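Novice: Dropping in my_file13.txt, which is compact mmCIF, C-alpha atoms (C1' of nucleotides):
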# COMPACT_ATOMS: atom_id res chain seq x y z
CA MET Y 1344 39.12 12.11 25.49
CA GLN Y 1345 41.29 14.60 23.73
CA GLN Y 1346 41.71 12.04 20.98
CA SER Y 1347 42.06 13.30 17.49
CA ASP Y 1348 38.85 13.91 15.60
CA PHE Y 1349 39.64 10.85 13.58
CA PHE Y 1350 39.57 8.70 16.69
CA GLN Y 1351 36.37 10.30 17.91
CA SER Y 1352 34.70 9.65 14.59
CA VAL Y 1353 35.76 6.03 14.74
CA PHE Y 1354 34.42 5.64 18.27
CA GLN Y 1355 31.20 7.27 17.20
CA VAL Y 1356 30.62 4.76 14.44
CA VAL Y 1357 31.64 1.79 16.55
CA LYS Y 1358 29.18 2.84 19.23
CA LEU Y 1359 26.46 2.84 16.59
CA ILE Y 1360 27.04 -0.77 15.68
CA PRO Y 1361 23.81 -2.66 16.48
CA LYS Y 1362 24.01 -5.62 18.82
CA GLY Y 1363 24.60 -8.88 17.06
CA ARG Y 1364 26.21 -7.11 14.15
CA VAL Y 1365 29.81 -6.60 13.13
CA THR Y 1366 31.76 -4.27 10.92
CA SER Y 1367 35.25 -3.94 9.55
CA TYR Y 1368 38.00 -1.38 10.04
CA GLY Y 1369 37.97 -0.58 6.37
CA ALA Y 1370 34.22 0.06 6.43
CA ILE Y 1371 34.64 2.61 9.18
CA ALA Y 1372 37.59 4.17 7.43
CA ALA Y 1373 35.60 4.34 4.22
CA TYR Y 1374 32.70 5.95 6.06
CA LEU Y 1375 35.08 8.59 7.33
CA GLY Y 1376 36.27 9.07 3.80
CA THR Y 1377 39.73 7.69 4.41
CA LYS Y 1378 39.48 4.06 3.46
CA LYS Y 1379 43.21 3.87 3.04
CA SER Y 1380 43.72 4.70 6.67
CA SER Y 1381 42.07 1.52 7.83
CA ARG Y 1382 45.20 0.88 9.84
CA THR Y 1383 44.61 3.99 11.83
CA VAL Y 1384 41.06 2.84 12.50
CA GLY Y 1385 42.41 -0.28 14.12
CA TYR Y 1386 44.83 1.85 16.04
CA ALA Y 1387 41.94 3.96 17.24
CA MET Y 1388 40.31 0.81 18.56
CA ASN Y 1389 43.42 0.19 20.54
CA ALA Y 1390 42.75 3.41 22.40
CA SER Y 1391 39.05 2.52 22.71
CA HIS Y 1392 39.83 0.45 25.77
CA ALA Y 1393 39.94 3.69 27.73
CA ILE Y 1394 36.47 4.61 26.54
CA PRO Y 1395 33.40 2.74 27.83
CA GLY Y 1396 30.69 1.84 25.37
CA ILE Y 1397 33.08 0.93 22.61
CA PRO Y 1398 32.24 -2.61 21.47
CA ALA Y 1399 35.58 -3.20 19.83
CA HIS Y 1400 34.73 -6.88 19.69
CA ARG Y 1401 32.19 -6.03 17.00
CA VAL Y 1402 34.92 -4.71 14.81
CA VAL Y 1403 36.87 -7.23 12.80
CA ASN Y 1404 39.00 -7.08 9.72
CA ARG Y 1405 37.80 -7.38 6.17
CA ASN Y 1406 38.24 -11.12 6.40
CA GLY Y 1407 35.91 -11.33 9.40
CA MET Y 1408 38.82 -12.46 11.51
CA LEU Y 1409 39.19 -11.38 15.13
CA THR Y 1410 42.56 -9.86 14.53
CA GLY Y 1411 42.43 -7.72 17.63
CA LYS Y 1412 41.30 -10.39 20.09
CA MET Y 1413 44.78 -10.43 21.54
CA HIS Y 1414 44.44 -6.83 22.60
CA PHE Y 1415 41.53 -7.58 24.88
CA ASP Y 1416 41.73 -8.54 28.50
CA THR Y 1417 42.11 -12.10 27.33
CA PRO Y 1418 42.40 -13.55 23.81
CA TYR Y 1419 39.05 -15.31 24.15
CA ARG Y 1420 37.27 -12.25 25.54
CA MET Y 1421 36.45 -10.97 22.07
CA GLN Y 1422 35.08 -14.28 20.82
CA GLU Y 1423 33.04 -14.79 23.97
CA LEU Y 1424 31.51 -11.34 23.72
CA LEU Y 1425 30.56 -11.98 20.12
CA GLU Y 1426 28.99 -15.33 20.96
CA LEU Y 1427 27.06 -13.71 23.78
CA GLU Y 1428 25.47 -11.47 21.17
CA GLY Y 1429 24.54 -14.41 19.01
CA ILE Y 1430 27.50 -14.10 16.67
CA LYS Y 1431 29.15 -17.42 16.05
CA VAL Y 1432 32.90 -17.40 15.89
CA GLU Y 1433 34.92 -20.27 14.55
CA LYS Y 1434 38.69 -20.34 14.47
CA ASP Y 1435 38.82 -16.61 15.22
CA VAL Y 1436 36.59 -15.94 12.22
CA VAL Y 1437 33.02 -14.61 12.36
CA VAL Y 1438 30.62 -17.13 10.88
CA GLU Y 1439 28.27 -15.66 8.28
CA PHE Y 1440 30.35 -12.54 8.53
CA LYS Y 1441 29.01 -11.03 5.34
CA GLU Y 1442 25.46 -11.51 6.61
CA LEU Y 1443 26.22 -9.99 9.98
CA PHE Y 1444 28.26 -7.26 8.40
CA TRP Y 1445 26.99 -3.81 9.27
CA ASP Y 1446 28.26 -1.18 6.88
CA PRO Y 1447 28.01 2.42 8.22
CA THR Y 1448 28.32 3.83 4.73
CA LEU Y 1449 25.30 1.72 3.86
CA GLU Y 1450 23.23 2.29 6.99
CA LEU Y 1451 24.26 5.78 8.05
CA GLU Y 1452 24.87 7.46 4.73
CA LEU Y 1453 21.97 9.57 3.66
C1' DA W 1445 63.19 15.86 15.86
C1' DC W 1446 63.32 11.34 13.24
C1' DG W 1447 61.87 6.89 12.46
C1' DC W 1448 59.66 2.38 13.42
C1' DT W 1449 55.53 0.09 14.50
C1' DG W 1450 50.74 -1.23 14.36
C1' DA W 1451 43.47 -4.26 15.86
C1' DC W 1452 43.98 -3.07 7.79
C1' DG W 1453 43.29 -2.87 2.92
C1' DT W 1454 44.39 -2.62 -1.91
C1' DA W 1455 47.59 -3.05 -5.69
C1' DA W 1456 51.29 -5.14 -7.80
C1' DC W 1457 54.40 -9.18 -8.88
C1' DA D 1317 46.21 -17.78 -6.29
C1' DG D 1318 49.81 -16.71 -2.76
C1' DT D 1319 53.22 -13.36 -1.34
C1' DT D 1320 55.30 -8.71 -1.06
C1' DA D 1321 55.08 -3.80 -0.99
C1' DC D 1322 52.98 0.56 -0.02
C1' DG D 1323 49.71 4.02 2.03
C1' DC D 1324 47.60 6.04 5.94
C1' DC D 1325 47.58 8.39 10.97
C1' DA D 1326 48.95 8.44 15.53
C1' DG D 1327 51.78 6.86 19.43
C1' DC D 1328 56.16 5.88 21.31
C1' DG D 1329 61.54 4.97 21.51
Show me the file's structure as structure tokens.
Specialist:
Amino acid sequence: MQQSDFFQSVFQVVKLIPKGRVTSYGAIAAYLGTKKSSRTVGYAMNASHAIPGIPAHRVVNRNGMLTGKMHFDTPYRMQELLELEGIKVEKDVVVEFKELFWDPTLELEL
DNA sequence: ACGCTGACGTAAC
DNA sequence: AGTTACGCCAGCG
């Protein structure tokens, strides 16, 4: 807790990601209105480990690559979690990423 | 208090 | 088309 509002907003969106779906840091940043701060979104995910209910494994980069897998308990943890949800991961890249992509600005925006 | 770094993304060369 | 540079925000040395 006590994270900046930016972090909280990021966590909020990540928690809303449906199972079996993925999103990108930039998409979250864009939803928050600061698409240029996509870096900070990823940084927020780094702090998400302290908060339960944050499926950080569902958040990948714009390329669909599991860039943050190394920050998990184990490097394969992220890929395994994704596969458990039905998301196929090959070479650290989400298969059919664009089809599994869940854009908050597209689903949450009014 | 200042500066570098980092789970990204876009623009420029 | 591949590589380099910059912006953004927060944490840490």
Novice: Enter the distance from atom CA of Y:Asn1404 to atom C1' of W:DA1451, in Å, rounded to one decimal.
Specialist: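 Separation between atom CA of Y:Asn1404 and atom C1' of W:DA1451: 8.1 Å.
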Novice: Can you measure atom CA of Y:Val1432 to atom CA of Y:Arg1420 for me? One decimal in Å is fine.
Specialist: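 Atom CA of Y:Val1432 sits 11.8 Å away from atom CA of Y:Arg1420.
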Novice: Closest to Y:Asp1416 among Y:His1392, Y:Phe1350, Y:Ile1430, Y:Asp1435, using all atoms listed in the file?
Specialist: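 Among the listed residues, Y:His1392 lies closest to Y:Asp1416.
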Novice: Hey, which bits of chain D sit within 9 Å of chain Y, and for each residue what's the closest pair of atoms and how far apart in Å (one decimal), counting only C-alpha atoms (C1' of nucleotides), rows by chain and increasing number, as CSV?
Specialist:
residue,atom,partner,partner_atom,distance
D:DG1323,C1',Y:Lys1379,CA,6.6
D:DC1324,C1',Y:Ser1380,CA,4.2
D:DC1325,C1',Y:Thr1383,CA,5.4
D:DA1326,C1',Y:Thr1383,CA,7.2
Novice: Could you give me, as a list of chain:residue names, the residues that sit within 12 Å of (27.1, -3.2, 18.9) in the file's coordinates, counting all atoms listed in the file?
Specialist: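 Those within range, by chain then number, are Y:Phe1354, Y:Gln1355, Y:Val1356, Y:Val1357, Y:Lys1358, Y:Leu1359, Y:Ile1360, Y:Pro1361, Y:Lys1362, Y:Gly1363, Y:Arg1364, Y:Val1365, Y:Thr1366, Y:Gly1396, Y:Ile1397, Y:Pro1398, Y:Ala1399, Y:His1400, Y:Arg1401, Y:Val1402, Y:Leu1424, Y:Leu1425, Y:Leu1427, Y:Glu1428, Y:Gly1429, Y:Ile1430, Y:Leu1443, Y:Phe1444, Y:Trp1445.
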Novice: Mind pulling up the distance from atom C1' of D:DT1319 to atom CA of Y:Val1403?
Specialist: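 Computing it gives 22.5 Å between the two atoms.
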Novice: Please provide the set of residues having any atom within 12 Å of W:DC1457, restricted to only C-alpha atoms (C1' of nucleotides), with same-chain residues fewer than 6 positions apart removed, written as a PDB file with C-alpha atoms (C1' of nucleotides), in the coordinates of the input.
Specialist:
ATOM      1  C1'  DG D1318      49.810 -16.710  -2.760  1.00  0.00           C
ATOM      2  C1'  DT D1319      53.220 -13.360  -1.340  1.00  0.00           C
ATOM      3  C1'  DT D1320      55.300  -8.710  -1.060  1.00  0.00           C
ATOM      4  C1'  DA D1321      55.080  -3.800  -0.990  1.00  0.00           C
TER       5       DA D1321
END
Novice: Chain W residues within 12 Å of chain Y, counting all atoms listed in the file: which ones, as a tab-separated table (two decimals) with C-alpha atoms (C1' of nucleotides), in the frame of the given file?
Specialist:
chain	number	residue	atom	x	y	z
W	1449	DT	C1'	55.53	0.09	14.50
W	1450	DG	C1'	50.74	-1.23	14.36
W	1451	DA	C1'	43.47	-4.26	15.86
W	1452	DC	C1'	43.98	-3.07	7.79
W	1453	DG	C1'	43.29	-2.87	2.92
W	1454	DT	C1'	44.39	-2.62	-1.91
W	1455	DA	C1'	47.59	-3.05	-5.69
Novice: Box along x, y and z, 5 Å on every side, all listed atoms of chain W inside: centre and edge lengths in Å to one decimal, as lines of an AutoDock Vina configuration file.
Specialist:
center_x = 53.3
center_y = 3.3
center_z = 3.5
size_x = 30.0
size_y = 35.0
size_z = 34.7
